[in-house]
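Okay, query-v6.cif is below, mmCIF, C-alpha atoms:
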```cif
data_input
loop_
_atom_site.group_PDB
_atom_site.id
_atom_site.type_symbol
_atom_site.label_atom_id
_atom_site.label_comp_id
_atom_site.auth_asym_id
_atom_site.auth_seq_id
_atom_site.Cartn_x
_atom_site.Cartn_y
_atom_site.Cartn_z
ATOM 1 C CA MET U 1 104.133 -12.174 -6.840
ATOM 2 C CA SER U 2 105.401 -10.629 -10.029
ATOM 3 C CA GLU U 3 107.116 -7.491 -11.337
ATOM 4 C CA ASN U 4 107.920 -4.528 -9.093
ATOM 5 C CA THR U 5 108.373 -6.581 -5.963
ATOM 6 C CA TYR U 6 110.888 -5.740 -3.275
ATOM 7 C CA ASN U 7 111.832 -6.819 0.224
ATOM 8 C CA THR U 8 110.973 -4.596 3.100
ATOM 9 C CA ASP U 9 113.443 -4.140 5.933
ATOM 10 C CA HIS U 10 110.946 -5.622 8.373
ATOM 11 C CA GLY U 11 112.054 -9.233 8.117
ATOM 12 C CA ASN U 12 113.747 -11.178 10.857
ATOM 13 C CA PHE U 13 115.940 -13.821 9.228
ATOM 14 C CA HIS U 14 118.680 -15.968 10.768
ATOM 15 C CA MET U 15 120.760 -18.874 9.516
ATOM 16 C CA SER U 16 123.738 -20.088 11.486
ATOM 17 C CA ARG U 17 127.013 -20.308 9.583
ATOM 18 C CA LYS U 18 127.021 -23.982 10.589
ATOM 19 C CA SER U 19 123.861 -24.475 8.507
ATOM 20 C CA VAL U 20 125.093 -22.707 5.370
ATOM 21 C CA LYS U 21 126.730 -25.761 3.804
ATOM 22 C CA GLY U 22 123.600 -27.912 4.206
ATOM 23 C CA ALA U 23 121.433 -25.096 2.849
ATOM 24 C CA ALA U 24 123.699 -24.789 -0.198
ATOM 25 C CA LYS U 25 123.352 -28.515 -0.868
ATOM 26 C CA ALA U 26 119.544 -28.324 -0.548
ATOM 27 C CA LEU U 27 119.329 -25.290 -2.842
ATOM 28 C CA ARG U 28 121.661 -26.883 -5.400
ATOM 29 C CA THR U 29 119.484 -30.022 -5.400
ATOM 30 C CA TRP U 30 116.316 -27.962 -5.916
ATOM 31 C CA MET U 31 117.978 -25.887 -8.667
ATOM 32 C CA ARG U 32 118.977 -29.037 -10.561
ATOM 33 C CA ALA U 33 115.461 -30.490 -10.272
ATOM 34 C CA ALA U 34 113.931 -27.174 -11.412
ATOM 35 C CA LYS U 35 116.381 -26.956 -14.359
ATOM 36 C CA PHE U 36 118.201 -23.844 -13.101
ATOM 37 C CA ASN U 37 121.641 -25.446 -13.631
ATOM 38 C CA PRO U 38 123.597 -24.296 -10.593
ATOM 39 C CA LYS U 39 127.177 -23.365 -11.368
ATOM 40 C CA LYS U 40 129.766 -25.838 -10.106
ATOM 41 C CA GLY U 41 131.627 -24.784 -6.998
ATOM 42 C CA TYR U 42 129.107 -22.102 -6.050
ATOM 43 C CA GLN U 43 128.455 -21.660 -2.342
ATOM 44 C CA LEU U 44 125.081 -20.644 -0.853
ATOM 45 C CA GLU U 45 125.566 -16.912 -1.334
ATOM 46 C CA GLN U 46 126.470 -17.405 -5.006
ATOM 47 C CA LEU U 47 123.623 -19.878 -5.605
ATOM 48 C CA LEU U 48 121.155 -17.422 -4.110
ATOM 49 C CA GLY U 49 122.700 -14.745 -6.335
ATOM 50 C CA GLN U 50 122.063 -16.952 -9.337
ATOM 51 C CA MET U 51 118.379 -16.984 -8.267
ATOM 52 C CA GLY U 52 118.183 -13.192 -7.870
ATOM 53 C CA PHE U 53 118.929 -12.794 -4.159
ATOM 54 C CA GLU U 54 121.657 -11.195 -2.087
ATOM 55 C CA VAL U 55 122.553 -11.912 1.519
ATOM 56 C CA SER U 56 123.954 -9.998 4.432
ATOM 57 C CA LYS U 57 126.052 -11.665 7.089
ATOM 58 C CA THR U 58 127.145 -11.005 10.631
ATOM 59 C CA LYS U 59 130.832 -10.704 11.456
ATOM 60 C CA HIS U 60 130.644 -14.365 12.561
ATOM 61 C CA GLY U 61 129.408 -15.563 9.154
ATOM 62 C CA ASP U 62 125.758 -16.131 10.095
ATOM 63 C CA ILE U 63 123.265 -14.988 7.458
ATOM 64 C CA ASN U 64 120.990 -12.328 8.927
ATOM 65 C CA ASP U 65 119.084 -11.270 5.803
ATOM 66 C CA ILE U 66 118.226 -12.436 2.327
ATOM 67 C CA PHE U 67 116.871 -9.844 -0.036
ATOM 68 C CA LEU U 68 115.662 -9.683 -3.592
ATOM 69 C CA SER U 69 118.216 -8.162 -5.964
ATOM 70 C CA THR U 70 115.753 -7.889 -8.865
ATOM 71 C CA SER U 71 112.264 -6.417 -9.136
ATOM 72 C CA TYR U 72 110.666 -9.754 -9.962
ATOM 73 C CA PHE U 73 109.519 -12.359 -7.447
ATOM 74 C CA GLY U 74 107.906 -15.493 -8.843
ATOM 75 C CA ILE U 75 107.077 -18.987 -7.714
ATOM 76 C CA ALA U 76 110.644 -20.146 -8.444
ATOM 77 C CA HIS U 77 111.981 -17.530 -6.016
ATOM 78 C CA GLU U 78 109.627 -18.745 -3.313
ATOM 79 C CA GLN U 79 110.510 -22.395 -3.992
ATOM 80 C CA ALA U 80 114.229 -21.604 -3.891
ATOM 81 C CA LEU U 81 113.870 -19.992 -0.463
ATOM 82 C CA CYS U 82 111.641 -22.814 0.756
ATOM 83 C CA SER U 83 114.268 -25.375 -0.286
ATOM 84 C CA ILE U 84 116.616 -24.028 2.397
ATOM 85 C CA ALA U 85 113.916 -23.881 5.107
ATOM 86 C CA PRO U 86 115.232 -26.814 7.187
ATOM 87 C CA PHE U 87 118.455 -24.845 7.726
ATOM 88 C CA VAL U 88 116.830 -21.546 8.749
ATOM 89 C CA GLN U 89 116.373 -20.623 12.398
ATOM 90 C CA LYS U 90 112.771 -21.091 13.530
ATOM 91 C CA ASP U 91 110.568 -17.988 13.690
ATOM 92 C CA SER U 92 112.547 -16.317 10.896
ATOM 93 C CA TYR U 93 110.632 -14.493 8.194
ATOM 94 C CA LEU U 94 111.204 -12.349 5.105
ATOM 95 C CA VAL U 95 108.718 -9.639 4.103
ATOM 96 C CA PHE U 96 107.959 -8.648 0.496
ATOM 97 C CA TYR U 97 105.834 -5.855 -0.942
ATOM 98 C CA GLY U 98 104.411 -5.045 -4.344
ATOM 99 C CA GLY U 99 103.958 -7.445 -7.177
ATOM 100 C CA GLY U 100 101.499 -5.259 -9.032
ATOM 101 C CA SER U 101 98.759 -5.729 -6.440
ATOM 102 C CA GLY U 102 100.357 -3.593 -3.755
ATOM 103 C CA SER U 103 100.051 -6.492 -1.333
ATOM 104 C CA CYS U 104 102.460 -7.336 1.438
ATOM 105 C CA TRP U 105 103.348 -10.918 2.325
ATOM 106 C CA ALA U 106 105.958 -12.862 4.227
ATOM 107 C CA LEU U 107 107.699 -16.176 3.965
ATOM 108 C CA ARG U 108 107.659 -17.658 7.461
ATOM 109 C CA PHE U 109 110.082 -20.322 8.604
ATOM 110 C CA ASP U 110 108.315 -22.228 11.379
ATOM 111 C CA PRO U 111 108.468 -25.785 12.739
ATOM 112 C CA HIS U 112 106.052 -28.243 11.129
ATOM 113 C CA PRO U 113 103.588 -29.387 13.826
ATOM 114 C CA ALA U 114 104.111 -33.106 13.166
ATOM 115 C CA SER U 115 107.782 -33.400 12.198
ATOM 116 C CA GLY U 116 109.320 -30.385 13.925
ATOM 117 C CA THR U 117 111.443 -29.598 10.861
ATOM 118 C CA ILE U 118 111.357 -26.010 9.658
ATOM 119 C CA ASP U 119 108.810 -25.348 6.919
ATOM 120 C CA CYS U 120 108.452 -22.325 4.668
ATOM 121 C CA LEU U 121 104.964 -20.841 4.466
ATOM 122 C CA SER U 122 103.678 -17.810 2.597
ATOM 123 C CA THR U 123 101.317 -15.578 4.565
ATOM 124 C CA GLN U 124 99.704 -12.166 4.101
ATOM 125 C CA VAL U 125 101.045 -9.309 6.220
ATOM 126 C CA THR U 126 98.758 -6.774 7.861
ATOM 127 C CA PRO U 127 100.571 -3.562 8.741
ATOM 128 C CA VAL U 128 100.294 -2.473 12.375
ATOM 129 C CA LEU U 129 101.479 0.916 13.595
ATOM 130 C CA ASP U 130 104.378 0.852 16.084
ATOM 131 C CA GLU U 131 102.210 2.586 18.700
ATOM 132 C CA ASP U 132 99.497 -0.055 18.329
ATOM 133 C CA LEU U 133 101.957 -2.937 18.500
ATOM 134 C CA THR U 134 103.534 -1.420 21.614
ATOM 135 C CA MET U 135 100.080 -1.117 23.208
ATOM 136 C CA ILE U 136 99.185 -4.733 22.294
ATOM 137 C CA LEU U 137 102.447 -5.963 23.786
ATOM 138 C CA ARG U 138 101.917 -3.978 26.993
ATOM 139 C CA VAL U 139 98.486 -5.554 27.409
ATOM 140 C CA LEU U 140 99.962 -9.038 26.943
ATOM 141 C CA LYS U 141 102.946 -8.491 29.237
ATOM 142 C CA GLN U 142 101.233 -9.124 32.571
ATOM 143 C CA PRO U 143 98.961 -12.118 31.887
ATOM 144 C CA PHE U 144 101.210 -13.844 29.321
ATOM 145 C CA PRO U 145 104.872 -12.990 30.037
ATOM 146 C CA GLU U 146 106.366 -15.831 27.942
ATOM 147 C CA PHE U 147 104.185 -14.998 24.940
ATOM 148 C CA TYR U 148 105.008 -11.305 25.427
ATOM 149 C CA ARG U 149 108.783 -11.988 25.395
ATOM 150 C CA HIS U 150 108.399 -14.187 22.297
ATOM 151 C CA LEU U 151 106.526 -11.452 20.401
ATOM 152 C CA VAL U 152 108.965 -8.705 21.414
ATOM 153 C CA LYS U 153 111.896 -10.821 20.273
ATOM 154 C CA LYS U 154 110.187 -11.736 17.005
ATOM 155 C CA TYR U 155 108.593 -8.434 15.994
ATOM 156 C CA MET U 156 110.408 -5.683 17.819
ATOM 157 C CA PRO U 157 114.034 -6.713 18.366
ATOM 158 C CA ASP U 158 115.186 -3.087 18.132
ATOM 159 C CA HIS U 159 112.305 -1.641 20.131
ATOM 160 C CA LYS U 160 112.493 -3.542 23.416
ATOM 161 C CA LYS U 161 112.691 -0.346 25.446
ATOM 162 C CA ALA U 162 109.480 0.949 23.889
ATOM 163 C CA ALA U 163 107.690 -2.332 24.506
ATOM 164 C CA ASN U 164 108.921 -2.450 28.105
ATOM 165 C CA ALA U 165 107.806 1.100 28.837
ATOM 166 C CA LYS U 166 105.135 1.423 31.496
ATOM 167 C CA ALA U 167 101.593 1.870 30.267
#
```
Let me see the structure of the file written as structure tokens.
Amino acid sequence: MSENTYNTDHGNFHMSRKSVKGAAKALRTWMRAAKFNPKKGYQLEQLLGQMGFEVSKTKHGDINDIFLSTSYFGIAHEQALCSIAPFVQKDSYLVFYGGGSGSCWALRFDPHPASGTIDCLSTQVTPVLDEDLTMILRVLKQPFPEFYRHLVKKYMPDHKKAANAKA
């Protein structure tokens, strides 16, 4: 995390428009505690903008991506995103690259094992070639069909035909 960081387009992020108001309240609360002084009347998109992020939305108002609008990603950026975790759809993730080390990492939004509420966790990302991922998914398809469908949905939403192709 540091200078020269950017989002990749490999994330898979979803927040229902019904959750946006609660997420804005959570982010505003975190911003006040962290001394970022959120502007009065700002909604989630504007609060995220104040923290150096932009969002994209579906035609229905759901948020389907959050991306860094600056070249710097620090601990405050991670904490800001983690503050809205309970309002993010499970299995969402955002991928970042750079930061001076050339590393690639993701913020995952997964259910906490004990409470079931969505947590935000930082994890390293290991690049896998499309061909290799397709092969791995094909191998998993027969013995583990539910796990296979979960992985295709999570990692290859635009490549279902390739993953379903016969080996």
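If all atoms listed in the file are the atoms counted, then among U:Met51, U:Leu133, U:Val20, U:Leu121 the closest residue to U:Thr70 is U:Met51.
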Subject >> Nearest residue to U:Asp119 from the set U:Lys141, U:Lys25, U:Lys57, U:Lys90 (distances using all atoms listed in the file) >> reply: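 The answer is U:Lys90, which sits nearest to U:Asp119.
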Original post:
Between atom CA of U:Ile118 and atom CA of U:Asn12, what is the distance, to one decimal in Å?
Top reply: 15.1 Å
Original post:
How far is it from atom CA of U:Ser16 to atom CA of U:Ile63, in Å with one decimal?
Top reply: 6.5 Å
Subject >> U:Asp91, U:Glu45, U:Glu78, U:Asp130 ranked by distance to U:Arg17, top pick (using all atoms listed in the file) >> reply: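 Answer, going by the shortest atom-to-atom distance: U:Glu45.
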Subject >> Near-stretch 148-158 of chain U list (9 Å; all atoms listed in the file; drop same-chain fewer than 5 positions) as number ranges by chain >> reply: U: 10-12, 91-92, 133-134, 137-143, 163
Subject >> Explicit residues for the PyMOL selection byres ((chain U and resi 14) around 6) (as a list in words) >> reply: Phe13, Met15, Ile63, Asn64 and Gln89 of chain U
